[in-house]
$ cat start37.tsv   # TSV, C-alpha atoms
chain	number	residue	atom	x	y	z
E	1	MET	CA	148.40	-186.02	139.73
E	2	THR	CA	146.25	-187.82	137.19
E	3	GLN	CA	144.33	-185.57	134.83
E	4	LYS	CA	140.70	-185.77	135.97
E	5	ILE	CA	139.07	-184.71	132.71
E	6	VAL	CA	140.32	-186.21	129.45
E	7	PRO	CA	138.64	-185.20	126.18
E	8	CYS	CA	137.70	-188.27	124.14
E	9	LEU	CA	137.51	-187.89	120.37
E	10	TRP	CA	135.29	-190.33	118.44
E	11	PHE	CA	136.49	-191.55	115.03
E	12	ASP	CA	135.34	-194.07	112.47
E	13	GLY	CA	138.48	-196.14	111.90
E	14	THR	CA	141.00	-193.27	111.85
E	15	ALA	CA	141.85	-192.89	115.56
E	16	GLU	CA	145.46	-194.03	115.16
E	17	GLU	CA	146.03	-191.87	112.07
E	18	ALA	CA	144.50	-188.84	113.82
E	19	THR	CA	146.60	-189.43	116.94
E	20	ASN	CA	149.83	-189.60	114.95
E	21	PHE	CA	148.84	-186.49	112.96
E	22	TYR	CA	148.06	-184.39	116.04
E	23	VAL	CA	151.24	-185.49	117.82
E	24	SER	CA	153.27	-184.55	114.73
E	25	LEU	CA	152.01	-180.94	114.84
E	26	PHE	CA	153.19	-179.96	118.30
E	27	GLU	CA	156.70	-180.05	119.79
E	28	ASP	CA	155.68	-181.04	123.31
E	29	SER	CA	153.54	-184.07	122.45
E	30	GLU	CA	153.64	-187.85	122.65
E	31	VAL	CA	151.57	-190.96	122.07
E	32	LEU	CA	150.96	-192.56	125.46
E	33	ASP	CA	149.37	-195.86	124.55
E	34	GLY	CA	146.96	-197.69	122.32
E	35	LEU	CA	144.53	-200.55	122.71
E	36	ARG	CA	144.25	-203.02	119.83
E	37	ASP	CA	141.66	-205.67	119.12
E	38	PRO	CA	143.54	-208.92	119.83
E	39	GLU	CA	141.81	-210.72	116.96
E	40	THR	CA	142.20	-208.15	114.17
E	41	GLY	CA	145.05	-205.97	115.41
E	42	ASN	CA	142.93	-202.89	114.64
E	43	VAL	CA	143.21	-199.92	116.99
E	44	ILE	CA	140.30	-199.58	119.39
E	45	SER	CA	141.57	-196.50	121.22
E	46	THR	CA	144.65	-194.37	121.76
E	47	SER	CA	145.87	-191.95	124.37
E	48	PHE	CA	148.17	-189.01	123.68
E	49	ARG	CA	149.40	-185.80	125.27
E	50	ILE	CA	149.91	-182.34	123.78
E	51	TYR	CA	151.43	-179.57	125.94
E	52	GLY	CA	150.54	-181.50	129.08
E	53	GLN	CA	146.89	-182.06	128.06
E	54	GLN	CA	145.89	-185.70	127.70
E	55	PHE	CA	143.44	-186.80	125.01
E	56	MET	CA	141.87	-190.12	124.17
E	57	THR	CA	140.59	-191.36	120.82
E	58	ILE	CA	138.20	-194.18	120.11
E	59	ASN	CA	137.29	-195.93	116.89
E	60	GLY	CA	133.61	-196.01	117.71
E	61	GLY	CA	132.20	-196.23	114.21
E	62	PRO	CA	130.00	-193.91	112.20
E	63	ILE	CA	127.29	-193.49	114.87
E	64	PHE	CA	128.53	-190.09	116.12
E	65	LYS	CA	130.28	-187.37	114.13
E	66	LEU	CA	132.59	-184.61	115.26
E	67	SER	CA	131.04	-181.15	114.93
E	68	GLU	CA	131.80	-177.47	115.47
E	69	ALA	CA	130.02	-177.76	118.81
E	70	THR	CA	133.40	-178.85	120.17
E	71	SER	CA	136.64	-177.24	119.07
E	72	PHE	CA	140.17	-176.78	120.34
E	73	MET	CA	141.65	-173.29	120.45
E	74	ILE	CA	145.38	-173.04	119.82
E	75	GLN	CA	146.86	-169.78	121.08
E	76	CYS	CA	149.66	-168.84	118.69
E	77	GLU	CA	152.50	-166.46	119.48
E	78	SER	CA	153.41	-165.51	115.90
E	79	GLN	CA	152.10	-165.31	112.35
E	80	GLU	CA	154.53	-168.07	111.43
E	81	GLU	CA	152.91	-170.39	113.97
E	82	VAL	CA	149.42	-169.41	112.73
E	83	ASP	CA	150.46	-170.12	109.13
E	84	ARG	CA	152.14	-173.45	109.91
E	85	LEU	CA	149.23	-174.84	111.92
E	86	TRP	CA	146.60	-173.45	109.53
E	87	ASP	CA	148.32	-174.99	106.54
E	88	ALA	CA	148.84	-178.37	108.25
E	89	LEU	CA	145.31	-178.61	109.62
E	90	THR	CA	143.57	-177.57	106.39
E	91	ALA	CA	145.71	-179.85	104.20
E	92	ASP	CA	144.43	-183.08	102.66
E	93	GLY	CA	140.73	-182.31	102.91
E	94	GLY	CA	140.55	-179.88	105.82
E	95	GLU	CA	138.12	-176.96	105.50
E	96	GLU	CA	138.70	-173.29	106.17
E	97	SER	CA	136.00	-171.36	107.98
E	98	GLN	CA	135.64	-167.83	109.35
E	99	CYS	CA	137.44	-165.97	112.14
E	100	GLY	CA	140.33	-168.40	112.56
E	101	TRP	CA	138.16	-171.55	112.64
E	102	LEU	CA	138.79	-174.63	110.54
E	103	LYS	CA	138.06	-178.33	110.37
E	104	ASP	CA	140.91	-180.76	109.86
E	105	LYS	CA	140.76	-183.76	107.53
E	106	PHE	CA	139.19	-185.85	110.31
E	107	GLY	CA	136.39	-183.35	110.93
E	108	LEU	CA	137.76	-181.95	114.22
E	109	SER	CA	137.24	-178.19	114.62
E	110	TRP	CA	140.10	-175.92	115.65
E	111	GLN	CA	140.45	-172.21	116.38
E	112	ILE	CA	143.87	-170.91	115.34
E	113	THR	CA	144.03	-167.82	117.52
E	114	PRO	CA	146.94	-165.41	117.73
E	115	THR	CA	147.45	-164.14	121.27
E	116	ARG	CA	147.88	-160.70	119.70
E	117	LEU	CA	144.30	-160.90	118.38
E	118	LEU	CA	143.00	-161.57	121.88
E	119	GLU	CA	144.99	-158.60	123.22
E	120	LEU	CA	143.67	-156.22	120.56
E	121	VAL	CA	139.98	-157.17	120.55
E	122	SER	CA	139.95	-156.60	124.31
E	123	GLY	CA	142.40	-153.69	124.22
E	124	PRO	CA	142.12	-150.47	126.22
E	125	ASP	CA	140.89	-148.45	123.21
E	126	PRO	CA	137.24	-149.48	122.65
E	127	GLU	CA	137.17	-148.03	119.12
E	128	GLY	CA	140.42	-149.81	118.22
E	129	ALA	CA	139.08	-153.04	119.68
E	130	ALA	CA	135.90	-152.67	117.60
E	131	ARG	CA	137.95	-152.07	114.43
E	132	ALA	CA	140.14	-155.09	115.20
E	133	THR	CA	137.02	-157.22	115.75
E	134	GLN	CA	135.48	-156.03	112.48
E	135	ALA	CA	138.69	-156.84	110.61
E	136	MET	CA	138.79	-160.31	112.18
E	137	LEU	CA	135.19	-161.02	111.18
E	138	LYS	CA	136.16	-160.62	107.51
E	139	MET	CA	139.00	-163.16	107.71
E	140	GLN	CA	139.34	-166.89	107.50
E	141	LYS	CA	142.96	-167.35	108.65
E	142	ILE	CA	143.85	-164.50	111.01
E	143	ASP	CA	146.46	-162.05	109.75
E	144	ILE	CA	148.05	-160.36	112.75
E	145	ALA	CA	149.45	-157.36	110.83
E	146	THR	CA	146.03	-156.55	109.36
E	147	ILE	CA	144.42	-156.76	112.82
E	148	GLU	CA	147.11	-154.45	114.24
E	149	ARG	CA	146.57	-151.91	111.45
E	150	ALA	CA	142.80	-151.99	112.03
E	151	TYR	CA	143.28	-151.45	115.77
E	152	ALA	CA	145.54	-148.46	115.03
E	153	GLY	CA	142.98	-147.01	112.62
E	154	GLU	CA	145.22	-147.31	109.56
$ encode --input "start37.tsv" --output "structure tokens"
Amino acid sequence: MTQKIVPCLWFDGTAEEATNFYVSLFEDSEVLDGLRDPETGNVISTSFRIYGQQFMTINGGPIFKLSEATSFMIQCESQEEVDRLWDALTADGGEESQCGWLKDKFGLSWQITPTRLLELVSGPDPEGAARATQAMLKMQKIDIATIERAYAGE
């Protein structure tokens, strides 16, 4: 079945670079195609897939900018995965933000979210969940061990 909804990311001349960067970060990813201007050879748009989700990019110019109003949440299974993605996405001009949010060097917003964080902030112990939430609110990159200690009341 064809994916009915495909997020389209608007860039100002960096669509191909962004596509190759995003595909390099995830094991189950691939560039699907690209459309080039026949006169200049410049990329007009690309299509790629990450973990089964198709995306499109367009080099639409400086008219519209990416913003935090749209972000992609990556659910991470380990601290190592959090660290690897955080480091890669904040490198070369990316910006750290609060609570696991960041902007990459292209201006796209991401939420690097450990699945363990989601389990603890909605855990069965309301006081532990509140402590875990308070600990998370003080962080930029999420540290799973610190969240677990807060949940436990340590």
$ closest_atom_pairs --input "start37.tsv" --of "region 47-86 of chain E" --to "region 111-117 of chain E" --cutoff "8 Å" --atoms "all atoms listed in the file" --output "CSV"
residue,atom,partner,partner_atom,distance
E:Ser71,CA,E:Gln111,CA,6.9
E:Phe72,CA,E:Gln111,CA,6.1
E:Met73,CA,E:Gln111,CA,4.4
E:Ile74,CA,E:Ile112,CA,5.2
E:Gln75,CA,E:Thr113,CA,5.0
E:Cys76,CA,E:Pro114,CA,4.5
E:Glu77,CA,E:Thr115,CA,5.8
E:Ser78,CA,E:Pro114,CA,6.7
E:Gln79,CA,E:Pro114,CA,7.5
E:Val82,CA,E:Ile112,CA,6.3
E:Leu85,CA,E:Ile112,CA,7.5
E:Trp86,CA,E:Ile112,CA,6.9
$ residues_around --input "start37.tsv" --residues "Thr146 (chain E)" --least-positions-apart "6" --cutoff "10 Å" --atoms "all atoms listed in the file" --output "list in words"
Ala132, Ala135, Met136, Met139, Ala152 and Glu154 of chain E
$ residues_around --input "start37.tsv" --residues "Glu127 (chain E)" --least-positions-apart "6" --cutoff "10 Å" --atoms "only C-alpha atoms" --output "ChimeraX atom specification"
/E:121,133,150-153
$ closest_atom_pairs --input "start37.tsv" --of "region 39-135 of chain E" --to "region 7-27 of chain E" --cutoff "7 Å" --atoms "only C-alpha atoms" --output "Markdown table"
| residue | atom | partner | partner_atom | distance |
| --- | --- | --- | --- | --- |
| E:Val43 | CA | E:Glu16 | CA | 6.6 |
| E:Ser45 | CA | E:Ala15 | CA | 6.7 |
| E:Thr46 | CA | E:Glu16 | CA | 6.7 |
| E:Phe48 | CA | E:Thr19 | CA | 6.9 |
| E:Ile50 | CA | E:Phe26 | CA | 6.8 |
| E:Phe55 | CA | E:Pro7 | CA | 5.2 |
| E:Met56 | CA | E:Cys8 | CA | 4.6 |
| E:Thr57 | CA | E:Leu9 | CA | 4.7 |
| E:Ile58 | CA | E:Trp10 | CA | 5.1 |
| E:Asn59 | CA | E:Phe11 | CA | 4.8 |
| E:Gly60 | CA | E:Asp12 | CA | 5.8 |
| E:Gly61 | CA | E:Asp12 | CA | 4.2 |
| E:Pro62 | CA | E:Asp12 | CA | 5.3 |
$ closest_residue --input "start37.tsv" --among "E:Ser29, E:Gln54, E:Thr40, E:Ser109" --to "Val6 (chain E)" --atoms "all atoms listed in the file"
E:Gln54
$ closest_residue --input "start37.tsv" --among "E:Lys4, E:Lys141, E:Lys103, E:Arg49" --to "Thr70 (chain E)" --atoms "all atoms listed in the file"
E:Lys103
$ closest_residue --input "start37.tsv" --among "E:Leu108, E:Ile144, E:Cys99, E:Leu89" --to "Lys65 (chain E)" --atoms "all atoms listed in the file"
E:Leu108
$ atom_distance --input "start37.tsv" --atom1 "CA of Gly93 (chain E)" --atom2 "CA of Lys105 (chain E)"
4.8 Å
$ residues_around --input "start37.tsv" --residues "Asp87 (chain E)" --least-positions-apart "4" --cutoff "10 Å" --atoms "all atoms listed in the file" --output "MDAnalysis selection string"
chainID E and resid 81:83 91:92 94 96 104 141
$ atom_distance --input "start37.tsv" --atom1 "CA of Ile142 (chain E)" --atom2 "CA of Asp125 (chain E)"
20.4 Å
$ atom_distance --input "start37.tsv" --atom1 "CA of Ala88 (chain E)" --atom2 "CA of Gln140 (chain E)"
14.9 Å
$ axis_aligned_box --input "start37.tsv" --around "region 134-141 of chain E" --padding-each-side "6 Å" --output "lines of an AutoDock Vina configuration file"
center_x = 139.1
center_y = -161.7
center_z = 110.0
size_x = 19.8
size_y = 23.3
size_z = 17.0
$ build_atoms --input "start37.tsv" --residues "region 50-64 of chain E" --atoms "N, CA, C and O atoms" --output "compact mmCIF listing (two decimals), in the coordinates of the input"
# COMPACT_ATOMS: atom_id res chain seq x y z
N ILE E 50 149.40 -183.53 124.45
CA ILE E 50 149.91 -182.34 123.78
C ILE E 50 150.00 -181.23 124.82
O ILE E 50 149.01 -180.91 125.47
N TYR E 51 151.19 -180.65 124.96
CA TYR E 51 151.43 -179.57 125.94
C TYR E 51 150.82 -179.89 127.30
O TYR E 51 150.16 -179.05 127.92
N GLY E 52 151.00 -181.11 127.76
CA GLY E 52 150.54 -181.50 129.08
C GLY E 52 149.08 -181.92 129.15
O GLY E 52 148.63 -182.44 130.17
N GLN E 53 148.32 -181.71 128.10
CA GLN E 53 146.89 -182.06 128.06
C GLN E 53 146.73 -183.45 127.46
O GLN E 53 147.17 -183.69 126.34
N GLN E 54 146.12 -184.35 128.21
CA GLN E 54 145.89 -185.70 127.70
C GLN E 54 144.59 -185.76 126.92
O GLN E 54 143.60 -185.12 127.27
N PHE E 55 144.60 -186.54 125.85
CA PHE E 55 143.44 -186.80 125.01
C PHE E 55 143.30 -188.30 124.82
O PHE E 55 144.29 -189.03 124.90
N MET E 56 142.12 -188.73 124.51
CA MET E 56 141.87 -190.12 124.17
C MET E 56 141.12 -190.14 122.84
O MET E 56 140.35 -189.22 122.54
N THR E 57 141.37 -191.16 122.03
CA THR E 57 140.59 -191.36 120.82
C THR E 57 139.94 -192.73 120.91
O THR E 57 140.43 -193.61 121.61
N ILE E 58 138.87 -192.89 120.19
CA ILE E 58 138.20 -194.18 120.11
C ILE E 58 137.71 -194.38 118.68
O ILE E 58 137.25 -193.43 118.05
N ASN E 59 137.87 -195.57 118.18
CA ASN E 59 137.29 -195.93 116.89
C ASN E 59 135.90 -196.50 117.19
O ASN E 59 135.72 -197.70 117.33
N GLY E 60 134.95 -195.62 117.31
CA GLY E 60 133.61 -196.01 117.71
C GLY E 60 132.65 -196.25 116.57
O GLY E 60 131.50 -196.63 116.79
N GLY E 61 133.08 -196.02 115.35
CA GLY E 61 132.20 -196.23 114.21
C GLY E 61 131.50 -194.96 113.78
O GLY E 61 131.73 -193.88 114.33
N PRO E 62 130.62 -195.08 112.81
CA PRO E 62 130.00 -193.91 112.20
C PRO E 62 128.78 -193.35 112.96
O PRO E 62 128.14 -192.43 112.48
N ILE E 63 128.50 -193.88 114.14
CA ILE E 63 127.29 -193.49 114.87
C ILE E 63 127.29 -192.00 115.21
O ILE E 63 126.30 -191.30 115.04
N PHE E 64 128.42 -191.49 115.72
CA PHE E 64 128.53 -190.09 116.12
C PHE E 64 129.58 -189.41 115.27
O PHE E 64 130.60 -190.00 114.94
